[in-house]
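Source file: data.cif; contents: mmCIF, C-alpha atoms and all ligand atoms.
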data_data
#
loop_
_atom_site.label_atom_id
_atom_site.label_comp_id
_atom_site.auth_asym_id
_atom_site.auth_seq_id
_atom_site.Cartn_x
_atom_site.Cartn_y
_atom_site.Cartn_z
CA MET A 10 0.00 0.00 0.00
CA SER A 11 1.23 3.48 -0.61
CA ASP A 12 2.19 5.97 2.01
CA PRO A 13 0.46 9.35 1.54
CA SER A 14 3.40 11.21 3.04
CA CYS A 15 5.82 10.16 0.32
CA GLN A 16 8.55 12.61 -0.42
CA ASP A 17 11.69 12.88 -2.46
CA ASN A 18 14.07 12.88 0.49
CA GLY A 19 14.28 13.50 4.20
CA ARG A 20 14.69 17.25 3.86
CA ARG A 21 12.04 18.45 1.44
CA SER A 22 8.59 17.09 0.71
CA LEU A 23 7.51 17.20 -2.93
CA PRO A 24 5.30 20.17 -3.90
CA GLU A 25 1.69 19.67 -4.98
CA GLY A 26 0.65 19.55 -8.63
CA LEU A 27 3.66 17.76 -10.11
CA ARG A 28 3.11 16.24 -13.54
CA PRO A 29 3.11 12.46 -14.16
CA GLU A 30 6.58 12.45 -15.78
CA THR A 31 8.00 14.04 -12.63
CA LEU A 32 6.04 11.81 -10.25
CA ALA A 33 7.31 8.72 -12.09
CA ILE A 34 10.87 9.74 -11.21
CA ARG A 35 10.49 11.43 -7.83
CA THR A 36 7.78 9.57 -5.88
CA GLY A 37 9.03 7.12 -3.26
CA LEU A 38 9.72 6.72 0.43
CA PRO A 39 12.19 9.10 2.06
CA ARG A 40 15.85 8.23 1.61
CA SER A 41 17.62 6.29 4.32
CA GLN A 42 20.21 7.92 6.59
CA HIS A 43 22.83 7.24 3.88
CA GLY A 44 21.26 9.62 1.34
CA GLU A 45 21.36 7.14 -1.56
CA HIS A 46 20.33 8.89 -4.80
CA SER A 47 18.88 5.82 -6.53
CA GLU A 48 16.18 4.15 -4.43
CA GLY A 49 17.45 1.62 -1.87
CA LEU A 50 16.88 -2.09 -2.39
CA PHE A 51 15.89 -3.55 0.98
CA LEU A 52 16.53 -7.30 0.92
CA THR A 53 15.34 -8.11 4.40
CA THR A 54 12.55 -10.30 5.74
CA ALA A 55 12.25 -8.77 9.23
CA TYR A 56 12.74 -5.33 10.81
CA VAL A 57 14.32 -4.62 14.19
CA GLN A 58 12.06 -2.73 16.58
CA ALA A 59 13.19 -0.20 19.19
CA ASP A 60 11.40 -1.95 22.05
CA ALA A 61 8.61 -4.41 22.84
CA GLU A 62 6.04 -1.63 23.17
CA THR A 63 6.79 -0.31 19.65
CA SER A 64 6.72 -3.82 18.28
CA ALA A 65 3.32 -4.49 19.90
CA ARG A 66 1.88 -1.25 18.48
CA LYS A 67 3.12 -1.92 14.95
CA PHE A 68 1.72 -5.44 14.94
CA ALA A 69 -1.61 -4.31 16.40
CA ASN A 70 -2.09 -1.58 13.78
CA SER A 71 -0.34 -3.32 10.85
CA GLU A 72 1.69 -0.16 10.55
CA ASP A 73 5.18 0.51 9.27
CA PHE A 74 7.60 -2.37 8.76
CA THR A 75 7.53 -5.62 10.72
CA TYR A 76 7.87 -8.48 8.21
CA SER A 77 8.28 -8.33 4.42
CA ARG A 78 5.20 -10.39 3.53
CA THR A 79 3.28 -7.44 4.99
CA SER A 80 5.37 -4.61 3.63
CA ASN A 81 8.88 -3.67 2.56
CA PRO A 82 10.33 -0.18 1.91
CA THR A 83 11.27 -0.93 -1.72
CA VAL A 84 7.84 -2.39 -2.45
CA ARG A 85 6.23 0.56 -0.66
CA SER A 86 8.15 3.02 -2.88
CA LEU A 87 6.89 1.22 -5.98
CA GLU A 88 3.32 1.28 -4.66
CA ALA A 89 3.54 5.00 -3.97
CA ARG A 90 4.85 5.62 -7.48
CA MET A 91 2.15 3.50 -9.13
CA ALA A 92 -0.60 5.24 -7.15
CA ALA A 93 0.81 8.64 -8.15
CA LEU A 94 0.82 7.62 -11.82
CA GLU A 95 -2.72 6.19 -11.80
CA SER A 96 -3.87 9.17 -9.67
CA THR A 97 -5.34 6.85 -7.03
CA GLU A 98 -5.11 7.09 -3.25
CA GLY A 99 -3.24 3.82 -3.00
CA ALA A 100 -1.68 0.87 -4.78
CA ILE A 101 -0.78 -2.64 -3.70
CA ALA A 102 1.94 -4.60 -5.48
CA THR A 103 1.72 -8.34 -6.14
CA SER A 104 4.04 -11.08 -7.38
CA THR A 105 2.52 -11.20 -10.91
CA GLY A 106 -0.31 -9.66 -12.91
CA MET A 107 -2.39 -12.81 -12.42
CA SER A 108 -1.97 -12.67 -8.65
CA ALA A 109 -3.26 -9.07 -8.75
CA ILE A 110 -6.50 -10.41 -10.29
CA LEU A 111 -6.52 -13.23 -7.73
CA LEU A 112 -6.24 -10.62 -4.96
CA LEU A 113 -9.01 -8.59 -6.60
CA GLY A 114 -11.35 -11.59 -6.57
CA MET A 115 -10.40 -12.78 -3.08
CA GLY A 116 -10.95 -9.29 -1.71
CA LEU A 117 -14.25 -8.46 -3.40
CA LEU A 118 -16.09 -11.71 -4.09
CA LYS A 119 -17.75 -14.52 -2.16
CA ALA A 120 -19.77 -17.61 -3.12
CA GLY A 121 -22.96 -16.62 -4.92
CA ASP A 122 -21.52 -13.41 -6.41
CA HIS A 123 -21.58 -12.72 -10.13
CA VAL A 124 -18.94 -11.14 -12.40
CA ILE A 125 -19.30 -9.73 -15.92
CA CYS A 126 -16.13 -9.86 -18.01
CA SER A 127 -15.27 -9.23 -21.64
CA ARG A 128 -14.68 -12.47 -23.52
CA SER A 129 -11.65 -10.93 -25.24
CA VAL A 130 -9.51 -10.46 -22.10
CA PHE A 131 -6.15 -12.16 -21.50
CA GLY A 132 -6.55 -15.98 -21.65
CA SER A 133 -5.38 -16.72 -18.08
CA THR A 134 -7.81 -14.07 -16.82
CA ILE A 135 -10.68 -16.01 -18.44
CA ASN A 136 -9.44 -19.24 -16.81
CA LEU A 137 -9.08 -17.58 -13.42
CA PHE A 138 -12.65 -16.27 -13.44
CA ALA A 139 -14.32 -19.24 -15.17
CA LYS A 140 -12.43 -22.17 -13.62
CA GLU A 141 -10.69 -21.13 -10.40
CA PHE A 142 -13.21 -18.64 -8.98
CA GLY A 143 -15.96 -20.91 -10.36
CA LYS A 144 -14.78 -23.64 -7.96
CA PHE A 145 -15.61 -21.34 -5.06
CA GLY A 146 -19.12 -20.55 -6.28
CA VAL A 147 -18.42 -17.29 -8.11
CA GLU A 148 -20.18 -17.18 -11.47
CA THR A 149 -18.83 -15.20 -14.45
CA SER A 150 -20.68 -14.15 -17.63
CA PHE A 151 -18.46 -13.43 -20.63
CA VAL A 152 -19.75 -10.75 -23.00
CA SER A 153 -18.72 -8.77 -26.07
CA GLN A 154 -15.76 -6.39 -25.69
CA THR A 155 -17.50 -3.63 -27.62
CA ASP A 156 -21.28 -4.12 -27.28
CA LEU A 157 -22.52 -2.35 -24.15
CA ALA A 158 -26.00 -3.90 -24.58
CA GLU A 159 -24.50 -7.34 -23.84
CA TRP A 160 -22.99 -6.08 -20.57
CA ARG A 161 -26.33 -4.52 -19.63
CA ALA A 162 -28.27 -7.71 -20.45
CA ALA A 163 -25.89 -9.81 -18.31
CA ILE A 164 -26.52 -7.84 -15.09
CA LYS A 165 -28.06 -9.84 -12.20
CA PRO A 166 -29.03 -8.85 -8.67
CA THR A 167 -25.83 -10.63 -7.53
CA THR A 168 -23.47 -8.80 -9.96
CA LYS A 169 -20.57 -7.39 -7.92
CA LEU A 170 -17.81 -6.79 -10.43
CA PHE A 171 -17.31 -5.71 -14.04
CA PHE A 172 -13.86 -6.63 -15.39
CA ALA A 173 -12.54 -5.08 -18.61
CA GLU A 174 -9.25 -4.90 -20.48
CA THR A 175 -8.67 -2.30 -23.20
CA PRO A 176 -7.26 -2.49 -25.82
CA THR A 177 -7.41 -6.27 -26.12
CA ASN A 178 -4.93 -8.81 -27.36
CA PRO A 179 -4.46 -9.47 -30.26
CA LEU A 180 -7.19 -7.57 -32.14
CA THR A 181 -6.86 -4.25 -30.24
CA GLU A 182 -10.60 -3.87 -29.59
CA ILE A 183 -11.50 -0.99 -27.29
CA CYS A 184 -14.17 -0.77 -24.63
CA ASP A 185 -15.64 2.54 -23.54
CA ILE A 186 -14.42 2.87 -19.94
CA ARG A 187 -16.72 5.80 -19.06
CA ALA A 188 -19.84 4.01 -20.36
CA LEU A 189 -18.91 0.75 -18.58
CA ALA A 190 -18.30 2.61 -15.31
CA GLU A 191 -21.73 4.24 -15.49
CA LEU A 192 -23.38 0.91 -16.23
CA ALA A 193 -21.50 -0.89 -13.42
CA HIS A 194 -22.37 1.80 -10.90
CA SER A 195 -26.04 1.83 -11.92
CA ALA A 196 -26.05 -1.91 -11.09
CA GLY A 197 -24.31 -1.32 -7.74
CA ALA A 198 -21.17 -3.06 -9.05
CA ILE A 199 -17.49 -2.10 -9.22
CA LEU A 200 -15.54 -1.63 -12.47
CA ALA A 201 -11.96 -2.94 -12.55
CA VAL A 202 -9.85 -2.26 -15.65
CA ASP A 203 -6.72 -4.16 -16.72
CA ASN A 204 -4.51 -1.27 -17.88
CA THR A 205 -1.47 -3.38 -18.79
CA TYR A 206 -1.43 -2.47 -22.48
CA SER A 207 -1.77 1.29 -22.18
CA THR A 208 -0.14 1.99 -18.79
CA PRO A 209 -1.00 5.24 -17.00
CA ALA A 210 1.35 7.01 -19.43
CA LEU A 211 -1.47 6.74 -22.00
CA GLN A 212 -4.66 5.85 -20.11
CA ARG A 213 -5.86 6.53 -16.54
CA PRO A 214 -9.08 4.50 -16.08
CA THR A 215 -10.05 6.00 -12.68
CA GLU A 216 -10.26 9.43 -14.33
CA MET A 217 -12.99 7.89 -16.54
CA GLY A 218 -14.92 6.41 -13.62
CA ALA A 219 -13.26 3.00 -13.09
CA ASP A 220 -12.94 2.03 -9.42
CA ILE A 221 -9.85 -0.18 -9.56
CA VAL A 222 -6.97 -0.44 -12.02
CA MET A 223 -5.09 -3.72 -12.41
CA HIS A 224 -1.60 -4.12 -13.89
CA SER A 225 0.70 -6.78 -15.14
CA ALA A 226 3.80 -4.69 -14.36
CA THR A 227 5.73 -7.51 -16.05
CA LYS A 228 5.03 -5.74 -19.34
CA TYR A 229 5.52 -2.01 -19.99
CA MET A 230 6.14 -0.98 -16.37
CA ASP A 231 9.33 -3.01 -16.17
CA GLY A 232 9.54 -2.36 -19.88
CA GLN A 233 12.63 -4.46 -20.54
CA GLY A 234 11.40 -8.01 -19.99
CA ARG A 235 13.25 -8.72 -16.76
CA VAL A 236 10.88 -9.42 -13.88
CA MET A 237 7.30 -10.44 -13.09
CA ALA A 238 5.14 -8.07 -11.07
CA GLY A 239 1.54 -6.92 -10.71
CA ALA A 240 -0.55 -4.33 -8.91
CA LEU A 241 -3.99 -3.04 -8.01
CA CYS A 242 -4.49 0.73 -7.77
CA GLY A 243 -7.55 2.43 -6.25
CA PRO A 244 -9.04 4.26 -3.29
CA ASN A 245 -7.94 3.39 0.27
CA ARG A 246 -11.35 1.85 1.02
CA PHE A 247 -10.28 -0.98 -1.31
CA ILE A 248 -6.48 -0.92 -1.26
CA ARG A 249 -5.85 -0.37 2.44
CA ASP A 250 -9.07 -1.76 3.91
CA VAL A 251 -9.88 -4.75 1.66
CA PHE A 252 -6.85 -5.89 -0.34
CA GLY A 253 -4.14 -5.12 2.26
CA PRO A 254 -5.42 -7.59 4.87
CA VAL A 255 -5.97 -10.32 2.23
CA LEU A 256 -2.46 -9.91 0.81
CA ARG A 257 -0.90 -10.10 4.28
CA THR A 258 -2.70 -13.38 4.91
CA VAL A 259 -2.40 -14.97 1.50
CA GLY A 260 1.10 -13.81 0.60
CA MET A 261 1.16 -13.05 -3.13
CA THR A 262 3.70 -10.42 -2.11
CA LEU A 263 6.08 -8.84 -4.63
CA ALA A 264 9.78 -9.58 -4.05
CA PRO A 265 11.78 -6.42 -3.20
CA PHE A 266 14.26 -7.00 -6.03
CA ASN A 267 11.44 -7.19 -8.59
CA ALA A 268 9.87 -4.10 -7.06
CA TRP A 269 13.15 -2.24 -7.42
CA VAL A 270 13.50 -3.20 -11.10
CA VAL A 271 9.96 -2.01 -11.87
CA LEU A 272 10.49 1.15 -9.82
CA LYS A 273 13.42 2.04 -12.09
CA GLY A 274 11.42 0.98 -15.16
CA LEU A 275 8.70 3.49 -14.30
CA GLU A 276 11.20 6.34 -14.57
CA THR A 277 11.39 5.89 -18.34
CA MET A 278 7.88 4.52 -18.96
CA ALA A 279 6.31 7.69 -20.35
CA LEU A 280 9.18 8.14 -22.83
CA ARG A 281 9.14 4.49 -23.87
CA MET A 282 5.36 4.36 -24.32
CA LYS A 283 5.37 7.48 -26.44
CA ALA A 284 8.27 6.29 -28.59
CA GLN A 285 6.95 2.72 -28.95
CA SER A 286 3.50 4.05 -29.82
CA GLU A 287 4.97 6.28 -32.53
CA GLN A 288 6.99 3.34 -33.88
CA ALA A 289 3.91 1.09 -33.87
CA LEU A 290 1.94 3.69 -35.83
CA ALA A 291 4.71 3.91 -38.41
CA VAL A 292 4.88 0.11 -38.75
CA ALA A 293 1.06 -0.13 -38.94
CA ARG A 294 0.96 2.45 -41.76
CA TRP A 295 3.73 0.64 -43.60
CA LEU A 296 1.92 -2.70 -43.23
CA GLU A 297 -1.33 -1.18 -44.55
CA ALA A 298 0.50 -0.33 -47.77
CA GLN A 299 1.84 -3.87 -48.31
CA PRO A 300 -0.08 -5.90 -50.92
CA GLU A 301 0.46 -9.18 -48.99
CA VAL A 302 -1.26 -7.80 -45.89
CA ALA A 303 -5.05 -8.28 -45.83
CA ARG A 304 -5.81 -6.19 -42.75
CA VAL A 305 -4.04 -4.28 -39.97
CA TYR A 306 -5.50 -3.98 -36.46
CA TYR A 307 -4.16 -0.90 -34.67
CA PRO A 308 -6.13 1.71 -32.71
CA GLY A 309 -3.93 4.53 -34.00
CA LEU A 310 -5.00 3.93 -37.63
CA ALA A 311 -7.99 5.84 -39.01
CA SER A 312 -9.19 2.47 -40.40
CA HIS A 313 -9.68 1.10 -36.84
CA PRO A 314 -13.44 0.95 -36.15
CA GLN A 315 -12.95 2.60 -32.73
CA HIS A 316 -10.16 4.99 -33.69
CA GLU A 317 -11.77 8.06 -32.12
CA LEU A 318 -12.70 6.37 -28.84
CA ALA A 319 -9.18 4.91 -28.60
CA LEU A 320 -7.47 8.24 -29.12
CA ARG A 321 -9.81 9.91 -26.62
CA GLN A 322 -9.09 7.29 -23.92
CA GLN A 323 -5.41 6.78 -24.67
CA SER A 324 -4.02 10.33 -24.74
CA GLY A 325 -4.16 10.42 -28.53
CA GLN A 326 -1.93 7.34 -28.94
CA GLY A 327 -2.50 3.82 -30.21
CA GLY A 328 -0.09 1.95 -27.95
CA ALA A 329 2.74 -0.39 -28.89
CA VAL A 330 0.85 -3.53 -29.95
CA LEU A 331 -0.61 -4.20 -33.40
CA SER A 332 -1.76 -7.23 -35.34
CA PHE A 333 -2.09 -7.97 -39.04
CA ASP A 334 -3.53 -10.65 -41.30
CA VAL A 335 -1.26 -11.93 -44.05
CA LYS A 336 -2.67 -13.33 -47.25
CA GLY A 337 -2.23 -17.05 -47.91
CA ARG A 338 0.99 -18.67 -49.09
CA HIS A 339 1.15 -18.94 -52.92
CA GLY A 340 -2.01 -16.79 -53.12
CA GLU A 341 -4.18 -19.67 -51.84
CA SER A 342 -7.04 -19.17 -49.39
CA GLY A 343 -8.13 -21.23 -46.37
CA PRO A 344 -6.66 -21.68 -42.87
CA GLU A 345 -3.72 -23.87 -43.91
CA ALA A 346 -2.45 -21.47 -46.57
CA ALA A 347 -2.99 -18.59 -44.17
CA ARG A 348 -0.94 -20.34 -41.47
CA ALA A 349 1.82 -21.14 -43.97
CA GLY A 350 1.86 -17.46 -44.96
CA ALA A 351 2.09 -16.29 -41.35
CA PHE A 352 4.80 -18.84 -40.48
CA HIS A 353 6.79 -17.77 -43.56
CA VAL A 354 6.72 -14.11 -42.45
CA ILE A 355 7.65 -15.00 -38.86
CA ASP A 356 10.42 -17.44 -39.85
CA SER A 357 11.94 -14.97 -42.33
CA THR A 358 12.67 -12.38 -39.61
CA ARG A 359 16.26 -12.04 -38.39
CA VAL A 360 15.99 -9.14 -35.95
CA VAL A 361 12.71 -9.29 -34.04
CA SER A 362 12.18 -12.02 -31.40
CA ILE A 363 9.84 -14.96 -31.97
CA ALA A 364 8.25 -15.14 -28.51
CA THR A 365 4.92 -14.82 -26.75
CA ASN A 366 5.23 -11.74 -24.60
CA LEU A 367 5.01 -7.98 -24.95
CA GLY A 368 6.09 -4.85 -23.15
CA ASP A 369 9.77 -5.02 -24.02
CA THR A 370 12.20 -2.68 -25.78
CA LYS A 371 12.86 -5.64 -28.09
CA THR A 372 10.19 -6.12 -30.77
CA ILE A 373 8.34 -9.42 -30.37
CA ILE A 374 6.49 -11.30 -33.12
CA THR A 375 3.81 -13.86 -32.17
CA HIS A 376 1.42 -16.23 -33.96
CA PRO A 377 -1.66 -16.03 -31.65
CA ALA A 378 -3.59 -18.96 -33.19
CA THR A 379 -0.89 -21.48 -32.18
CA THR A 380 0.36 -19.85 -28.96
CA SER A 381 -1.72 -17.53 -26.76
CA HIS A 382 -4.95 -18.75 -28.34
CA GLY A 383 -3.72 -22.25 -29.21
CA ARG A 384 -5.97 -24.03 -26.72
CA LEU A 385 -9.18 -22.71 -28.30
CA THR A 386 -11.00 -24.84 -30.87
CA GLU A 387 -10.86 -23.60 -34.47
CA ALA A 388 -14.56 -22.60 -34.13
CA GLN A 389 -13.83 -20.55 -30.96
CA ARG A 390 -10.90 -18.91 -32.70
CA GLN A 391 -13.03 -18.05 -35.72
CA ALA A 392 -15.67 -16.55 -33.40
CA ALA A 393 -12.95 -14.50 -31.73
CA GLY A 394 -11.66 -13.34 -35.13
CA ILE A 395 -8.23 -14.89 -34.60
CA GLY A 396 -7.40 -16.50 -37.92
CA GLN A 397 -4.37 -18.63 -38.86
CA GLY A 398 -2.97 -15.74 -40.90
CA LEU A 399 -2.91 -13.35 -37.93
CA ILE A 400 0.43 -12.07 -36.62
CA ARG A 401 0.87 -9.93 -33.52
CA LEU A 402 3.72 -7.48 -33.20
CA ALA A 403 4.66 -5.82 -29.90
CA VAL A 404 6.77 -3.00 -31.28
CA GLY A 405 10.00 -2.16 -29.44
CA LEU A 406 12.66 0.50 -29.77
CA GLU A 407 14.87 -0.79 -32.60
CA HIS A 408 15.07 1.59 -35.58
CA VAL A 409 11.66 1.50 -37.20
CA ASP A 410 13.12 0.90 -40.67
CA ASP A 411 14.92 -2.21 -39.39
CA ILE A 412 11.61 -3.54 -38.03
CA CYS A 413 9.84 -2.95 -41.39
CA ASP A 414 12.78 -4.42 -43.34
CA ASP A 415 12.60 -7.51 -41.13
CA LEU A 416 8.89 -7.98 -41.90
CA ALA A 417 9.51 -7.30 -45.58
CA ARG A 418 11.89 -10.31 -45.79
CA GLY A 419 8.91 -12.65 -45.52
CA LEU A 420 6.14 -10.48 -46.97
CA SER A 421 8.01 -9.74 -50.19
CA THR A 422 8.71 -13.46 -50.80
CA LEU A 423 5.29 -14.80 -49.77
CA ARG A 424 4.30 -15.68 -53.33
CA SER A 425 7.62 -17.18 -54.38
C1 LIG B 501 0.54 -10.58 -19.16
C2 LIG B 501 -0.82 -10.09 -18.87
C3 LIG B 501 -1.50 -10.47 -17.69
C4 LIG B 501 -0.90 -11.43 -16.69
O1 LIG B 501 0.23 -10.88 -16.08
P1 LIG B 501 1.46 -11.77 -15.54
O2 LIG B 501 2.37 -10.73 -15.00
O3 LIG B 501 2.00 -12.55 -16.68
O4 LIG B 501 0.90 -12.65 -14.47
C5 LIG B 501 -2.76 -9.95 -17.47
N1 LIG B 501 -3.34 -9.11 -18.36
C6 LIG B 501 -2.71 -8.74 -19.49
C7 LIG B 501 -3.39 -7.80 -20.43
C8 LIG B 501 -1.44 -9.22 -19.79
O5 LIG B 501 -0.84 -8.85 -20.94
#

Take the structure in this file and express it as structure tokens.
Amino acid sequence: MSDPSCQDNGRRSLPEGLRPETLAIRTGLPRSQHGEHSEGLFLTTAYVQADAETSARKFANSEDFTYSRTSNPTVRSLEARMAALESTEGAIATSTGMSAILLLGMGLLKAGDHVICSRSVFGSTINLFAKEFGKFGVETSFVSQTDLAEWRAAIKPTTKLFFAETPTNPLTEICDIRALAELAHSAGAILAVDNTYSTPALQRPTEMGADIVMHSATKYMDGQGRVMAGALCGPNRFIRDVFGPVLRTVGMTLAPFNAWVVLKGLETMALRMKAQSEQALAVARWLEAQPEVARVYYPGLASHPQHELALRQQSGQGGAVLSFDVKGRHGESGPEAARAGAFHVIDSTRVVSIATNLGDTKTIITHPATTSHGRLTEAQRQAAGIGQGLIRLAVGLEHVDDICDDLARGLSTLRS
């Protein structure tokens, strides 16, 4: 949880009204007595107390530092920085993005409660709600990412939580956060938004009415593919009063080293997101002009069906992830030719990484139909619009011409 009295150092507290770029660099706990300039990394499980009375008080009130499952100064600095960036009262860091959603569910839901979730969210999120929470008597309805009427029709008297992710993977569909928040609140439910793809550098869901923001900090917050981390950001009535006690008991605590890596990652996040977004737009435009590309999915393109909503929600930027459909190998149609075409483009690259991840400075190329969405049946994939010819690109910071040249190796020889 974040500490409201965070300051840059022991001498001066930070002034009010600082901008997000400054908060991302300056928010944290006060420096230690050594005056370290870069934030300290506290690898300690326990904390020595001045006397038994102090120890008793801290344990009774869960205050300050007693044991690192409960809190740790490095983790606390990261939480303060995340809360500042999402403009929420508090934040609570977790070991992974998935454990942040686990904490969300454990804190808010009980047997008999109902959840409404987009059916286009991250695959493990669907499994967590449908299978794992389902075991404990929590029911989830999965609805269209973009059709508000489906969300409305799914509401029950027991609906407690709306869960949305925008834009989605891999087709970059957008949901209208403001409209979903109004609908959730009219039903007496809470809206939680997975903001992993946009980060607060582009999108701040609570400013559009969302109650809780969830992050896989593994992605753009670290930004360089090094550590796993997650977080929930929101008002103290959730973060401090609901999620804090659950995390202390259950222990999906973030390791201090991982917290420190993400803390440093946040210092360059706004710059990286802006640069990677600009690169992705350039690659998307280039792909749209290639004859072997059937369709490009990218919110920053005017051809995206929700272009205006995306730019309004995402600070005028499309983000770093795009997808595109390649035409079939040898000009043939059908799923097999489409897969052969996609594999040819992927296997012809020599710079970008063939992997299934995103949020890195290194560009990553992925074939969703056989990886992230490989466990779906062909019919489910068709329904989700994820064809065999679809390729996802999480655009990094290499020179944009080198990224396009790398894609051109396969695209230009697709017919040969
Ligand atoms: C990766 C990801 C997650 C899960 O996060 P982990 O850190 O891998 O546990 C959740 N949501 C989205 C959108 C993701 O990309």

query = Looking at all atoms listed in the file, which of A:Pro24, A:Gly368, A:Pro344, A:Pro300 is the one that sits closest to ligand LIG 501 (chain B)?
reply =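 Looking only at the distances to ligand LIG 501 (chain B), the closest residue turns out to be A:Gly368.
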
message: Counting only C-alpha atoms and all ligand atoms, which residue out of A:Ala393, A:Leu241, A:Ala190, A:Ile363 sits closest to ligand LIG 501 (chain B)?
response: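 Ranked by minimum distance to ligand LIG 501 (chain B), first place goes to A:Leu241.
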
Judged by only C-alpha atoms and all ligand atoms, the minimum distance to ligand LIG 501 (chain B) among A:Leu367, A:Cys126, A:Ala33, A:Ala188 is found for A:Leu367

Using all atoms listed in the file for the distances, tell me which of A:Ala392, A:Ile183, A:Met237, A:Ala349 is nearest to ligand LIG 501 (chain B).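 Comparing A:Ala392, A:Ile183, A:Met237, A:Ala349 against ligand LIG 501 (chain B), the winner is A:Met237.
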
_Surroundings of ligand LIG 501 (chain B) up to 9 Å, based on all atoms listed in the file, as a VMD selection string_ = chain A and resid 104 to 110 130 to 134 174 to 178 203 to 206 223 to 228 236 to 239 366 to 368

Q. Looking at A:Val409, A:Gly143, A:Ala240, A:Phe352, which one is nearest to Thr262 (chain A), with distances taken over all atoms listed in the file?
A.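 Under the stated criterion, the closest residue is A:Ala240.
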
Correct to one decimal, the distance CA of Arg384 (chain A)-CA of Leu137 (chain A) is 15.1 Å

The residue from A:Lys144, A:Arg21, A:Arg246, A:Arg90 with the smallest atom-to-atom distance to Gly37 (chain A), counting only C-alpha atoms, is A:Arg90

Polymer residues at most 12 Å from Glu72 (chain A), only C-alpha atoms, same-chain spacing of 4 or more positions, as a PDB file with C-alpha atoms, in the frame of the given file:
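Okay, selection_9.pdb is ready:
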ATOM      1  CA  MET A  10       0.000   0.000   0.000  1.00  0.00           C
ATOM      2  CA  SER A  11       1.230   3.480  -0.610  1.00  0.00           C
ATOM      3  CA  ASP A  12       2.190   5.970   2.010  1.00  0.00           C
ATOM      4  CA  THR A  63       6.790  -0.310  19.650  1.00  0.00           C
ATOM      5  CA  SER A  64       6.720  -3.820  18.280  1.00  0.00           C
ATOM      6  CA  ALA A  65       3.320  -4.490  19.900  1.00  0.00           C
ATOM      7  CA  ARG A  66       1.880  -1.250  18.480  1.00  0.00           C
ATOM      8  CA  LYS A  67       3.120  -1.920  14.950  1.00  0.00           C
ATOM      9  CA  PHE A  68       1.720  -5.440  14.940  1.00  0.00           C
ATOM     10  CA  TYR A  76       7.870  -8.480   8.210  1.00  0.00           C
ATOM     11  CA  THR A  79       3.280  -7.440   4.990  1.00  0.00           C
ATOM     12  CA  SER A  80       5.370  -4.610   3.630  1.00  0.00           C
ATOM     13  CA  ASN A  81       8.880  -3.670   2.560  1.00  0.00           C
ATOM     14  CA  ARG A 249      -5.850  -0.370   2.440  1.00  0.00           C
ATOM     15  CA  GLY A 253      -4.140  -5.120   2.260  1.00  0.00           C
ATOM     16  CA  PRO A 254      -5.420  -7.590   4.870  1.00  0.00           C
TER      17      PRO A 254
END

Open item on the list: As an exercise, work out the distance from CA of Cys184 (chain A) to CA of Cys242 (chain A) in Å and give it to one decimal place.
Closed with: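 Taking CA of Cys184 (chain A) as the start and CA of Cys242 (chain A) as the end point, the length is 19.5 Å.
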
ask   = Which residues, written as a list of chain:residue names, have at least one atom at most 8 Å from region 193-201 of chain A, with all atoms listed in the file counted and residues fewer than 2 positions away on the same chain left out?
value =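 Non-adjacent residues within range: A:Ile164, A:Pro166, A:Thr168, A:Lys169, A:Leu170, A:Phe171, A:Phe172, A:Ala173, A:Leu189, A:Ala190, A:Glu191, A:Asp203, A:Ala219, A:Asp220, A:Ile221, A:Val222, A:Met223.
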
Separating CA of Val270 (chain A) from CA of His408 (chain A), to the nearest tenth of an Å, is a gap of 25.0 Å

Skipping near chain neighbours, those fewer than 5 positions away, what residues fall within 7 Å of Ala378 (chain A) using only C-alpha atoms, listed as a ChimeraX atom specification? /A:383,395-397

Please output region 175-180 of chain A, rebuilt to include N, CA, C and O atoms, as a compact mmCIF listing (two decimals), in the frame of the given file.
# COMPACT_ATOMS: atom_id res chain seq x y z
N THR A 175 -8.59 -3.05 -21.94
CA THR A 175 -8.67 -2.30 -23.20
C THR A 175 -7.36 -1.58 -23.49
O THR A 175 -6.82 -0.98 -22.57
N PRO A 176 -6.81 -1.64 -24.71
CA PRO A 176 -7.26 -2.49 -25.82
C PRO A 176 -6.98 -3.96 -25.55
O PRO A 176 -6.18 -4.29 -24.67
N THR A 177 -7.61 -4.84 -26.34
CA THR A 177 -7.41 -6.27 -26.12
C THR A 177 -6.34 -6.84 -27.03
O THR A 177 -5.95 -6.26 -28.03
N ASN A 178 -5.93 -8.04 -26.65
CA ASN A 178 -4.93 -8.81 -27.36
C ASN A 178 -5.64 -9.93 -28.13
O ASN A 178 -6.44 -10.63 -27.53
N PRO A 179 -5.38 -10.18 -29.37
CA PRO A 179 -4.46 -9.47 -30.26
C PRO A 179 -5.16 -8.46 -31.18
O PRO A 179 -4.48 -7.78 -31.94
N LEU A 180 -6.49 -8.35 -31.10
CA LEU A 180 -7.19 -7.57 -32.14
C LEU A 180 -7.37 -6.09 -31.79
O LEU A 180 -7.99 -5.35 -32.55
